[in-house]
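The structure file run.cif is reproduced below (mmCIF, C-alpha atoms).
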```cif
data_upload
loop_
_atom_site.label_atom_id
_atom_site.label_comp_id
_atom_site.auth_asym_id
_atom_site.auth_seq_id
_atom_site.Cartn_x
_atom_site.Cartn_y
_atom_site.Cartn_z
CA MET A 1 108.00 -36.83 -56.73
CA ALA A 2 105.64 -39.31 -55.21
CA GLY A 3 107.54 -38.94 -51.97
CA VAL A 4 107.01 -35.17 -51.96
CA ALA A 5 103.34 -35.49 -52.80
CA CYS A 6 103.07 -38.10 -50.08
CA ARG A 7 104.49 -35.74 -47.49
CA VAL A 8 102.43 -32.76 -48.59
CA ALA A 9 99.14 -34.58 -48.74
CA ARG A 10 99.96 -36.75 -45.77
CA ALA A 11 99.76 -39.73 -48.06
CA GLY A 12 96.05 -39.24 -48.25
CA ILE A 13 95.93 -39.43 -51.99
CA LEU A 14 98.39 -42.16 -52.61
CA LYS A 15 97.87 -44.58 -49.80
CA THR A 16 94.73 -46.40 -48.90
CA THR A 17 93.73 -45.75 -45.35
CA VAL A 18 91.28 -48.56 -45.08
CA PRO A 19 92.83 -51.92 -44.58
CA GLY A 20 91.74 -54.61 -46.95
CA ILE A 21 91.25 -54.49 -50.66
CA ILE A 22 88.48 -51.92 -50.99
CA THR A 23 89.62 -48.31 -51.24
CA PRO A 24 87.45 -45.50 -49.88
CA GLY A 25 86.99 -44.43 -53.48
CA THR A 26 87.05 -40.88 -54.70
CA ALA A 27 84.57 -39.49 -52.19
CA LYS A 28 87.18 -37.79 -50.07
CA PHE A 29 88.58 -35.60 -52.85
CA SER A 30 85.83 -33.09 -52.21
CA THR A 31 85.20 -33.30 -48.48
CA LEU A 32 86.84 -32.12 -45.30
CA ARG A 33 86.03 -35.36 -43.55
CA GLU A 34 89.55 -36.71 -43.88
CA MET A 35 91.19 -33.67 -42.28
CA THR A 36 92.63 -34.23 -38.83
CA THR A 37 91.30 -32.13 -35.98
CA ALA A 38 94.62 -30.32 -35.66
CA ARG A 39 94.62 -29.29 -39.32
CA LYS A 40 91.03 -28.12 -39.07
CA ALA A 41 92.01 -26.01 -36.06
CA VAL A 42 94.92 -24.46 -37.96
CA ALA A 43 92.72 -23.69 -40.95
CA ALA A 44 90.07 -22.15 -38.73
CA ALA A 45 92.66 -20.06 -36.89
CA LEU A 46 94.05 -18.76 -40.19
CA GLY A 47 90.55 -17.86 -41.31
CA VAL A 48 89.83 -15.99 -38.08
CA ILE A 49 93.12 -14.07 -38.28
CA GLY A 50 92.44 -13.11 -41.91
CA ALA A 51 88.88 -11.95 -41.26
CA GLY A 52 89.94 -10.15 -38.09
CA GLY A 53 92.71 -8.29 -39.91
CA ALA A 54 90.37 -7.26 -42.70
CA SER A 55 87.75 -5.96 -40.28
CA LEU A 56 90.42 -4.10 -38.29
CA VAL A 57 91.57 -2.31 -41.44
CA TYR A 58 87.95 -1.53 -42.29
CA ALA A 59 87.22 -0.26 -38.77
CA LEU A 60 90.31 1.94 -38.75
CA ASN A 61 89.22 3.39 -42.06
CA GLN A 62 85.81 4.21 -40.63
CA SER A 63 87.17 6.02 -37.61
CA VAL A 64 86.74 9.71 -37.03
CA LYS A 65 89.37 11.72 -38.80
CA ALA A 66 90.30 14.79 -36.85
CA SER A 67 92.60 16.05 -39.59
CA ASP A 68 90.00 17.92 -41.62
CA LEU A 69 87.53 20.45 -40.34
CA THR A 70 84.64 19.40 -42.55
CA LEU A 71 81.60 17.88 -40.93
CA HIS A 72 80.72 14.56 -42.51
CA THR A 73 77.08 14.02 -43.18
CA ALA A 74 74.95 11.50 -41.36
CA ASN A 75 72.98 8.88 -43.26
CA PHE A 76 69.34 9.84 -43.26
CA PRO A 77 66.47 7.35 -43.57
CA TRP A 78 65.41 8.04 -47.16
CA PRO A 79 62.25 6.47 -48.55
CA HIS A 80 64.43 4.98 -51.29
CA ASP A 81 66.86 3.33 -48.86
CA GLY A 82 66.73 -0.41 -49.08
CA LEU A 83 67.41 -3.04 -51.66
CA PHE A 84 64.02 -2.88 -53.35
CA SER A 85 62.77 0.58 -52.35
CA SER A 86 61.84 2.94 -55.13
CA PHE A 87 61.87 6.70 -55.05
CA ASP A 88 58.99 8.48 -53.40
CA HIS A 89 57.64 10.10 -56.55
CA ALA A 90 55.46 12.59 -54.72
CA SER A 91 58.69 13.81 -53.16
CA ILE A 92 60.40 14.06 -56.55
CA ARG A 93 57.53 16.22 -57.72
CA ARG A 94 57.81 18.51 -54.70
CA GLY A 95 61.58 18.56 -55.19
CA TYR A 96 61.08 19.77 -58.73
CA GLU A 97 58.94 22.59 -57.39
CA VAL A 98 61.70 23.52 -54.96
CA TYR A 99 64.29 23.46 -57.73
CA LYS A 100 62.11 25.54 -60.01
CA ASN A 101 61.20 28.13 -57.38
CA VAL A 102 64.47 28.41 -55.49
CA CYS A 103 67.56 26.76 -56.93
CA ALA A 104 66.86 27.48 -60.61
CA ALA A 105 67.59 31.15 -59.92
CA CYS A 106 71.28 30.28 -59.77
CA HIS A 107 71.79 26.63 -60.78
CA SER A 108 71.36 25.10 -64.21
CA MET A 109 70.38 21.48 -64.84
CA LYS A 110 71.38 21.26 -68.43
CA TYR A 111 71.13 17.50 -68.81
CA ILE A 112 67.52 17.22 -67.68
CA ALA A 113 64.79 17.88 -70.22
CA PHE A 114 61.12 18.55 -69.57
CA ARG A 115 60.24 15.28 -71.28
CA ASN A 116 62.17 13.45 -68.55
CA LEU A 117 59.52 14.48 -66.05
CA ILE A 118 56.77 12.57 -67.83
CA GLY A 119 55.76 9.45 -65.97
CA VAL A 120 58.10 10.33 -63.12
CA SER A 121 56.61 13.37 -61.48
CA HIS A 122 54.31 14.93 -64.07
CA THR A 123 51.79 13.88 -66.67
CA GLU A 124 52.54 14.72 -70.27
CA ASP A 125 50.19 17.72 -70.24
CA GLU A 126 51.68 19.05 -67.06
CA ALA A 127 55.22 18.67 -68.42
CA LYS A 128 54.14 20.60 -71.53
CA GLU A 129 52.81 23.35 -69.30
CA GLU A 130 56.08 23.43 -67.36
CA ALA A 131 58.03 23.67 -70.60
CA LYS A 132 55.80 26.42 -71.97
CA SER A 133 56.40 28.54 -68.89
CA VAL A 134 60.08 29.10 -69.71
CA GLN A 135 61.70 31.02 -72.53
CA ILE A 136 64.30 29.14 -74.55
CA PRO A 137 66.82 30.97 -76.74
CA ASP A 138 66.63 29.67 -80.28
CA GLY A 139 67.64 30.72 -83.73
CA PRO A 140 68.99 32.14 -85.85
CA ASP A 141 65.88 33.13 -87.76
CA GLU A 142 65.80 34.23 -91.42
CA GLU A 143 67.45 37.52 -90.62
CA GLY A 144 70.15 35.85 -88.59
CA ASN A 145 68.88 36.99 -85.24
CA MET A 146 68.57 34.82 -82.16
CA PHE A 147 65.14 34.86 -80.57
CA GLU A 148 63.32 33.41 -77.61
CA ARG A 149 60.39 31.05 -77.75
CA PRO A 150 58.32 29.12 -75.21
CA GLY A 151 59.88 25.80 -74.29
CA LYS A 152 58.90 22.44 -75.70
CA LEU A 153 59.04 18.99 -74.13
CA SER A 154 62.34 18.28 -75.86
CA ASP A 155 64.03 21.36 -74.35
CA TYR A 156 66.45 21.02 -71.49
CA PHE A 157 66.04 23.07 -68.31
CA PRO A 158 67.15 26.61 -69.11
CA ASN A 159 70.37 28.04 -67.75
CA PRO A 160 69.80 31.04 -65.48
CA TYR A 161 72.99 32.68 -66.79
CA ALA A 162 74.20 33.22 -70.31
CA ASN A 163 77.56 31.63 -69.51
CA ASP A 164 79.82 30.64 -66.61
CA GLU A 165 81.46 34.05 -66.42
CA ALA A 166 78.10 35.74 -65.99
CA ALA A 167 77.25 33.15 -63.31
CA ARG A 168 80.51 33.83 -61.47
CA SER A 169 80.24 37.56 -61.55
CA ALA A 170 76.69 37.40 -60.22
CA ASN A 171 77.79 35.22 -57.29
CA ASN A 172 80.92 36.91 -55.94
CA GLY A 173 83.14 34.82 -58.16
CA ALA A 174 81.73 31.44 -57.09
CA LEU A 175 80.30 29.31 -59.87
CA PRO A 176 77.03 27.59 -58.97
CA PRO A 177 77.62 24.06 -60.29
CA ASP A 178 75.20 22.38 -62.65
CA LEU A 179 72.91 20.23 -60.53
CA SER A 180 72.08 17.48 -63.06
CA TYR A 181 74.51 14.98 -61.58
CA ILE A 182 75.34 16.65 -58.30
CA THR A 183 74.40 13.76 -55.99
CA ALA A 184 76.72 11.51 -57.95
CA ALA A 185 79.45 14.13 -57.81
CA ARG A 186 79.62 14.64 -54.06
CA HIS A 187 80.54 12.26 -51.26
CA GLY A 188 77.42 11.40 -49.34
CA GLY A 189 75.14 12.08 -52.31
CA GLU A 190 71.65 13.12 -51.27
CA ASN A 191 72.64 13.03 -47.60
CA TYR A 192 75.22 15.71 -48.33
CA ILE A 193 72.75 17.86 -50.23
CA PHE A 194 70.32 17.69 -47.33
CA SER A 195 72.99 18.47 -44.74
CA LEU A 196 74.43 21.30 -46.82
CA LEU A 197 71.08 22.98 -47.34
CA THR A 198 70.03 22.70 -43.70
CA GLY A 199 73.48 23.05 -42.14
CA TYR A 200 74.00 26.82 -42.23
CA CYS A 201 74.92 28.23 -38.84
CA ASP A 202 77.05 30.91 -37.22
CA PRO A 203 80.76 30.26 -37.48
CA PRO A 204 82.29 28.95 -34.26
CA ALA A 205 84.43 31.27 -32.17
CA GLY A 206 87.75 32.02 -33.79
CA VAL A 207 86.60 31.29 -37.32
CA SER A 208 86.05 34.32 -39.48
CA VAL A 209 84.36 34.11 -42.83
CA ARG A 210 85.27 36.45 -45.65
CA GLU A 211 82.76 38.98 -46.92
CA GLY A 212 80.36 37.35 -49.40
CA LEU A 213 80.92 33.85 -48.06
CA TYR A 214 78.73 31.96 -45.64
CA TYR A 215 79.66 29.49 -42.96
CA ASN A 216 78.55 25.92 -43.54
CA PRO A 217 80.30 23.12 -41.63
CA TYR A 218 79.43 20.53 -44.28
CA PHE A 219 81.15 22.39 -47.11
CA VAL A 220 84.83 21.65 -47.60
CA GLY A 221 86.69 24.53 -45.98
CA GLY A 222 83.58 25.73 -44.18
CA ALA A 223 83.02 28.90 -46.20
CA ILE A 224 80.60 28.55 -49.13
CA GLY A 225 79.66 31.11 -51.75
CA MET A 226 76.00 30.08 -51.64
CA ALA A 227 73.82 31.84 -49.11
CA GLN A 228 71.25 29.80 -47.23
CA ALA A 229 68.51 29.27 -49.79
CA LEU A 230 65.85 27.41 -47.85
CA TYR A 231 63.85 29.04 -45.07
CA ASN A 232 60.47 27.91 -43.79
CA GLU A 233 57.70 29.00 -46.14
CA VAL A 234 59.88 30.51 -48.88
CA MET A 235 57.47 28.85 -51.29
CA GLU A 236 54.28 26.82 -51.30
CA TYR A 237 53.85 23.23 -52.37
CA GLY A 238 51.22 22.36 -54.95
CA ASP A 239 50.05 19.41 -52.86
CA GLY A 240 49.70 21.42 -49.65
CA THR A 241 52.62 19.86 -47.78
CA PRO A 242 53.90 22.37 -45.18
CA ALA A 243 57.00 23.90 -46.75
CA THR A 244 59.45 23.73 -43.89
CA ALA A 245 63.13 24.15 -44.66
CA SER A 246 63.92 20.52 -43.91
CA GLN A 247 60.94 19.30 -45.96
CA MET A 248 62.17 21.29 -48.95
CA ALA A 249 65.74 20.11 -48.45
CA LYS A 250 64.59 16.50 -48.35
CA ASP A 251 62.42 16.88 -51.43
CA VAL A 252 65.01 18.70 -53.51
CA ALA A 253 67.65 16.15 -52.49
CA THR A 254 65.32 13.36 -53.64
CA PHE A 255 64.72 15.22 -56.89
CA LEU A 256 68.45 15.69 -57.48
CA LYS A 257 69.08 12.04 -56.66
CA TRP A 258 66.51 11.10 -59.28
CA ALA A 259 68.15 13.46 -61.77
CA SER A 260 71.51 11.77 -61.23
CA GLU A 261 70.11 8.25 -61.26
CA PRO A 262 66.93 8.19 -63.32
CA GLU A 263 67.37 4.44 -63.78
CA HIS A 264 67.22 3.92 -60.00
CA ASP A 265 63.73 2.42 -59.87
CA ASP A 266 64.28 0.17 -62.86
CA ARG A 267 67.49 -1.02 -61.32
CA LYS A 268 65.77 -2.08 -58.14
CA ARG A 269 62.89 -3.67 -60.01
CA MET A 270 65.46 -5.59 -62.01
CA SER A 271 67.34 -6.67 -58.92
CA ILE A 272 64.26 -8.55 -57.73
CA LYS A 273 64.11 -10.35 -61.06
CA VAL A 274 67.81 -11.10 -61.07
CA LEU A 275 67.74 -12.52 -57.57
CA MET A 276 64.70 -14.65 -58.37
CA ILE A 277 65.97 -16.03 -61.64
CA PHE A 278 69.47 -16.67 -60.39
CA SER A 279 68.30 -18.51 -57.29
CA LEU A 280 66.20 -20.69 -59.56
CA LEU A 281 69.13 -21.31 -61.89
CA PHE A 282 71.44 -21.93 -58.94
CA GLY A 283 69.05 -24.53 -57.56
CA ILE A 284 68.85 -26.27 -60.91
CA SER A 285 72.61 -26.18 -61.41
CA TYR A 286 73.20 -27.58 -57.94
CA TYR A 287 70.75 -30.38 -58.54
CA ILE A 288 72.36 -31.24 -61.87
CA LYS A 289 75.81 -31.16 -60.30
CA ARG A 290 74.76 -33.57 -57.57
CA HIS A 291 73.03 -35.70 -60.14
CA LYS A 292 76.06 -35.96 -62.41
CA TRP A 293 78.51 -36.54 -59.60
CA SER A 294 76.45 -39.12 -57.78
CA VAL A 295 77.99 -41.85 -59.92
CA LEU A 296 81.54 -40.66 -59.30
CA LYS A 297 81.02 -40.09 -55.62
CA SER A 298 79.54 -43.46 -54.89
CA ARG A 299 81.70 -45.66 -57.04
CA LYS A 300 84.13 -48.05 -55.45
CA PHE A 301 87.32 -49.54 -56.76
CA ALA A 302 88.16 -53.11 -56.01
CA TYR A 303 91.38 -54.86 -56.69
CA LYS A 304 91.05 -58.55 -57.24
CA PRO A 305 94.45 -60.17 -57.18
CA PRO A 306 94.87 -62.83 -59.84
CA GLN A 307 94.31 -66.28 -58.43
CA MET B 1 53.00 -40.34 -62.89
CA ALA B 2 54.93 -42.56 -65.23
CA GLY B 3 51.93 -42.66 -67.52
CA LEU B 4 51.76 -38.91 -67.59
CA VAL B 5 55.47 -38.56 -68.29
CA ASN B 6 55.12 -41.04 -71.09
CA LYS B 7 52.17 -39.20 -72.53
CA VAL B 8 54.03 -35.90 -72.45
CA TYR B 9 57.03 -37.51 -74.04
CA GLN B 10 55.02 -39.15 -76.76
CA SER B 11 52.93 -36.13 -77.63
CA ILE B 12 55.43 -33.29 -77.18
CA PHE B 13 59.06 -34.11 -76.68
CA ARG B 14 59.38 -36.88 -79.17
CA ARG B 15 59.05 -34.76 -82.30
CA THR B 16 61.45 -31.85 -82.73
CA SER B 17 58.73 -29.66 -84.18
CA SER B 18 56.41 -29.95 -81.20
CA PHE B 19 59.36 -29.84 -78.82
CA VAL B 20 60.53 -26.48 -80.19
CA LEU B 21 56.99 -25.21 -80.11
CA ALA B 22 56.64 -26.28 -76.49
CA ALA B 23 59.94 -24.59 -75.61
CA VAL B 24 58.88 -21.31 -77.23
CA ALA B 25 55.41 -21.36 -75.72
CA GLY B 26 56.84 -22.35 -72.35
CA ALA B 27 59.37 -19.52 -72.45
CA PHE B 28 56.64 -17.05 -73.30
CA MET B 29 54.38 -18.18 -70.50
CA PHE B 30 57.19 -18.41 -67.98
CA GLU B 31 58.45 -14.94 -68.76
CA ARG B 32 54.98 -13.44 -68.57
CA GLY B 33 54.25 -15.08 -65.25
CA PHE B 34 57.71 -14.28 -63.88
CA ASP B 35 57.38 -10.61 -64.80
CA MET B 36 53.93 -10.41 -63.27
CA VAL B 37 55.13 -11.90 -60.02
CA SER B 38 58.32 -9.84 -59.72
CA ASP B 39 56.63 -6.58 -60.76
CA GLY B 40 53.88 -7.38 -58.30
CA ILE B 41 56.44 -7.75 -55.51
CA PHE B 42 58.11 -4.46 -56.45
CA ASP B 43 54.82 -2.55 -56.66
CA ASN B 44 53.76 -4.04 -53.37
CA VAL B 45 56.96 -3.13 -51.57
CA ASN B 46 56.69 0.41 -52.90
CA GLN B 47 52.97 0.84 -52.48
CA GLY B 48 52.09 4.52 -52.64
CA LYS B 49 55.51 5.73 -53.77
CA LEU B 50 55.49 5.01 -57.50
CA TRP B 51 54.16 7.42 -60.08
CA LYS B 52 51.37 5.10 -61.13
CA HIS B 53 50.12 5.03 -57.54
CA ILE B 54 50.00 8.79 -57.17
CA LYS B 55 49.26 10.13 -60.62
CA GLN B 56 45.50 10.29 -60.11
CA ARG B 57 46.15 12.90 -57.44
CA TYR B 58 47.49 15.30 -60.00
CA GLY B 59 45.04 16.37 -62.18
CA GLN B 60 42.62 17.52 -64.54
CA SER B 61 44.97 16.42 -67.29
CA LEU B 62 44.32 12.79 -66.45
CA GLU B 63 40.79 12.70 -67.84
CA GLU B 64 42.04 13.74 -71.24
CA GLU B 65 44.68 11.10 -71.07
CA GLU B 66 42.46 8.11 -70.53
#
```
Any chance you could give the structure as structure tokens?
Amino acid sequence: MAGVACRVARAGILKTTVPGIITPGTAKFSTLREMTTARKAVAAALGVIGAGGASLVYALNQSVKASDLTLHTANFPWPHDGLFSSFDHASIRRGYEVYKNVCAACHSMKYIAFRNLIGVSHTEDEAKEEAKSVQIPDGPDEEGNMFERPGKLSDYFPNPYANDEAARSANNGALPPDLSYITAARHGGENYIFSLLTGYCDPPAGVSVREGLYYNPYFVGGAIGMAQALYNEVMEYGDGTPATASQMAKDVATFLKWASEPEHDDRKRMSIKVLMIFSLLFGISYYIKRHKWSVLKSRKFAYKPPQ
Amino acid sequence: MAGLVNKVYQSIFRRTSSFVLAAVAGAFMFERGFDMVSDGIFDNVNQGKLWKHIKQRYGQSLEEEE
């Protein structure tokens, strides 16, 4: 057994390398200093091959795939890109206006309530006003009839259609999906929403689109049941921002991103704290480790043969 | 330095009661300061984007609020 260990570890553990009676102690158990140049070279080569292989696989995965005809979205420079960057809340507010004036005609957002807007894009009074402006089905009353009432803060955004079948039949059989979590539900997230909304164009030669469908290269298959919704000046912003199609697409994508990830800002705020506290704790732990090991690392064994 | 350490030890760390008190008070002060610094960094990085930076733009409703 000792022989095997000797061969594997090149006798480093078992034999003293320093002539004389003082051993080099335990210091070398945790350093590379004792490694020969050749072994270091082999280890480095293995590391390079491993890293190279991994990056090759990654690069191949990133390459353009010609097999599908869907256009993949670019990454746009969002205000909330970046490790610590919050949402642009003025943009969320404009995005809500776009949703309310344009998308809400067809799309529900059944998981977002008016109260969620408070402190994000609207004051409490404004959110109450927003809620009051919609009619919410409620009931039954004493006679067993359903009725409609103005919305309250606790109400969720109303559904434009009574049910999915009504939504389908109003849209040539295509169901407008609920937009509450749409950026989380599509590859590319808010980039995809932006590209989809601004990407409508004439179909290329040789591609024909069925009646009632529209050509959009970003949509899987190319033919989408949603007509282009955003044109310059289809609405006006409350804050006076020029309502160009791309401005509206950017704002509504930001709004939908917020709807999918309302914890986004808190998460980034927390990441600053986590990084700060863990670097502090790491520093302390490292100091304590060095402190505790200093005895072990600097001790020396001496063998004094009996006289 | 040594005198100071000794003084701190004698007056705070030596008795469990004052030691615990110092730990609790220290934790409170550290957390408060830490939160102020980190929130300050975040607000600074995102100057002009957060709701609290823009809410005065929107409204009549604000006067009633404050």
**Asked** Separation of atom CA of Ser91 of chain A and atom CA of Thr254 of chain A, in Å?
**Response**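 Distance reported for this atom pair: 6.7 Å.
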Do a neighbour search on Val37 of chain B at 12 Å with all atoms listed in the file, toss out local chain neighbours closer than 3 positions, and write the hits as a compact mmCIF listing (two decimals) with C-alpha atoms, in the coordinates of the input.
```
# COMPACT_ATOMS: atom_id res chain seq x y z
CA ARG A 269 62.89 -3.67 -60.01
CA ILE A 272 64.26 -8.55 -57.73
CA LYS A 273 64.11 -10.35 -61.06
CA MET A 276 64.70 -14.65 -58.37
CA ILE A 277 65.97 -16.03 -61.64
CA PHE B 30 57.19 -18.41 -67.98
CA GLU B 31 58.45 -14.94 -68.76
CA ARG B 32 54.98 -13.44 -68.57
CA GLY B 33 54.25 -15.08 -65.25
CA PHE B 34 57.71 -14.28 -63.88
CA GLY B 40 53.88 -7.38 -58.30
CA ILE B 41 56.44 -7.75 -55.51
CA PHE B 42 58.11 -4.46 -56.45
CA ASP B 43 54.82 -2.55 -56.66
CA ASN B 44 53.76 -4.04 -53.37
```
**Request:** Give the residues of chain A that lie within 9 Å of chain B; count all atoms listed in the file, and format the answer as a PyMOL selection string.
**Result:** chain A and resi 79+84-91+119-126+239+265+268-270+272-273+276-277
**Request:** Take atom CA of Ala74 of chain A and atom CA of Ala51 of chain A and report the distance between them in Å, one decimal.
**Result:**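 Distance between the two atoms: 27.3 Å.
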**Request:** State, in Å with one decimal place, the distance from atom CA of Gln62 of chain A to atom CA of Ser260 of chain A.
**Result:**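 These two atoms are separated by 26.2 Å.
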**Message:** Quick check on the file I pasted: which residues fall under the PyMOL selection byres ((chain A and resi 201-208) around 12)? Write them as a PyMOL selection string.
**Reply:** chain A and resi 69+195-200+209-219+221-224+227-228
Could you save those same residues with C-alpha atoms as a PDB file, in the coordinates of the input?
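Final output, part.pdb:
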```
ATOM      1  CA  LEU A  69      87.530  20.450 -40.340  1.00  0.00           C
ATOM      2  CA  SER A 195      72.990  18.470 -44.740  1.00  0.00           C
ATOM      3  CA  LEU A 196      74.430  21.300 -46.820  1.00  0.00           C
ATOM      4  CA  LEU A 197      71.080  22.980 -47.340  1.00  0.00           C
ATOM      5  CA  THR A 198      70.030  22.700 -43.700  1.00  0.00           C
ATOM      6  CA  GLY A 199      73.480  23.050 -42.140  1.00  0.00           C
ATOM      7  CA  TYR A 200      74.000  26.820 -42.230  1.00  0.00           C
ATOM      8  CA  VAL A 209      84.360  34.110 -42.830  1.00  0.00           C
ATOM      9  CA  ARG A 210      85.270  36.450 -45.650  1.00  0.00           C
ATOM     10  CA  GLU A 211      82.760  38.980 -46.920  1.00  0.00           C
ATOM     11  CA  GLY A 212      80.360  37.350 -49.400  1.00  0.00           C
ATOM     12  CA  LEU A 213      80.920  33.850 -48.060  1.00  0.00           C
ATOM     13  CA  TYR A 214      78.730  31.960 -45.640  1.00  0.00           C
ATOM     14  CA  TYR A 215      79.660  29.490 -42.960  1.00  0.00           C
ATOM     15  CA  ASN A 216      78.550  25.920 -43.540  1.00  0.00           C
ATOM     16  CA  PRO A 217      80.300  23.120 -41.630  1.00  0.00           C
ATOM     17  CA  TYR A 218      79.430  20.530 -44.280  1.00  0.00           C
ATOM     18  CA  PHE A 219      81.150  22.390 -47.110  1.00  0.00           C
ATOM     19  CA  GLY A 221      86.690  24.530 -45.980  1.00  0.00           C
ATOM     20  CA  GLY A 222      83.580  25.730 -44.180  1.00  0.00           C
ATOM     21  CA  ALA A 223      83.020  28.900 -46.200  1.00  0.00           C
ATOM     22  CA  ILE A 224      80.600  28.550 -49.130  1.00  0.00           C
ATOM     23  CA  ALA A 227      73.820  31.840 -49.110  1.00  0.00           C
ATOM     24  CA  GLN A 228      71.250  29.800 -47.230  1.00  0.00           C
TER      25      GLN A 228
END
```
Give me the box for segment 52-64 of chain A as lines of an AutoDock Vina configuration file, namely the centre and edge lengths in Å to one decimal of a box along x, y and z that holds every listed atom plus 8 Å on each side.
```
center_x = 89.3
center_y = -0.2
center_z = -39.9
size_x = 22.9
size_y = 35.9
size_z = 21.7
```
**Message:** So that I can see what lies close to segment 153-156 of chain A, please list as a VMD selection string the residues with an atom at most 6 Å from it, counting all atoms listed in the file and leaving out residues fewer than 3 positions away in the same chain.
**Reply:** chain A and resid 110 112 to 115 128 131
**Prompt:** Counting all atoms listed in the file, what is within 12 Å of Val8 of chain B, bar same-chain residues fewer than 6 positions away, as a VMD selection string?
**Reply:** chain B and resid 1 to 2 14 to 15 18 to 19 22
Tell me which protein, DNA and RNA residues are within 12 Å of Ala104 of chain A, counting all atoms listed in the file, leaving out same-chain ones fewer than 3 positions away, and put them as a PDB file with C-alpha atoms, keeping the file's coordinate frame.
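What landed in result-v9.pdb:
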```pdb
ATOM      1  CA  GLY A  95      61.580  18.560 -55.190  1.00  0.00           C
ATOM      2  CA  TYR A  96      61.080  19.770 -58.730  1.00  0.00           C
ATOM      3  CA  GLU A  97      58.940  22.590 -57.390  1.00  0.00           C
ATOM      4  CA  VAL A  98      61.700  23.520 -54.960  1.00  0.00           C
ATOM      5  CA  TYR A  99      64.290  23.460 -57.730  1.00  0.00           C
ATOM      6  CA  LYS A 100      62.110  25.540 -60.010  1.00  0.00           C
ATOM      7  CA  ASN A 101      61.200  28.130 -57.380  1.00  0.00           C
ATOM      8  CA  HIS A 107      71.790  26.630 -60.780  1.00  0.00           C
ATOM      9  CA  SER A 108      71.360  25.100 -64.210  1.00  0.00           C
ATOM     10  CA  MET A 109      70.380  21.480 -64.840  1.00  0.00           C
ATOM     11  CA  LYS A 110      71.380  21.260 -68.430  1.00  0.00           C
ATOM     12  CA  VAL A 134      60.080  29.100 -69.710  1.00  0.00           C
ATOM     13  CA  PHE A 157      66.040  23.070 -68.310  1.00  0.00           C
ATOM     14  CA  PRO A 158      67.150  26.610 -69.110  1.00  0.00           C
ATOM     15  CA  ASN A 159      70.370  28.040 -67.750  1.00  0.00           C
ATOM     16  CA  PRO A 160      69.800  31.040 -65.480  1.00  0.00           C
ATOM     17  CA  TYR A 161      72.990  32.680 -66.790  1.00  0.00           C
ATOM     18  CA  PRO A 176      77.030  27.590 -58.970  1.00  0.00           C
ATOM     19  CA  PRO A 177      77.620  24.060 -60.290  1.00  0.00           C
ATOM     20  CA  ASP A 178      75.200  22.380 -62.650  1.00  0.00           C
ATOM     21  CA  LEU A 179      72.910  20.230 -60.530  1.00  0.00           C
ATOM     22  CA  SER A 180      72.080  17.480 -63.060  1.00  0.00           C
ATOM     23  CA  ALA A 229      68.510  29.270 -49.790  1.00  0.00           C
ATOM     24  CA  VAL A 252      65.010  18.700 -53.510  1.00  0.00           C
TER      25      VAL A 252
END
```
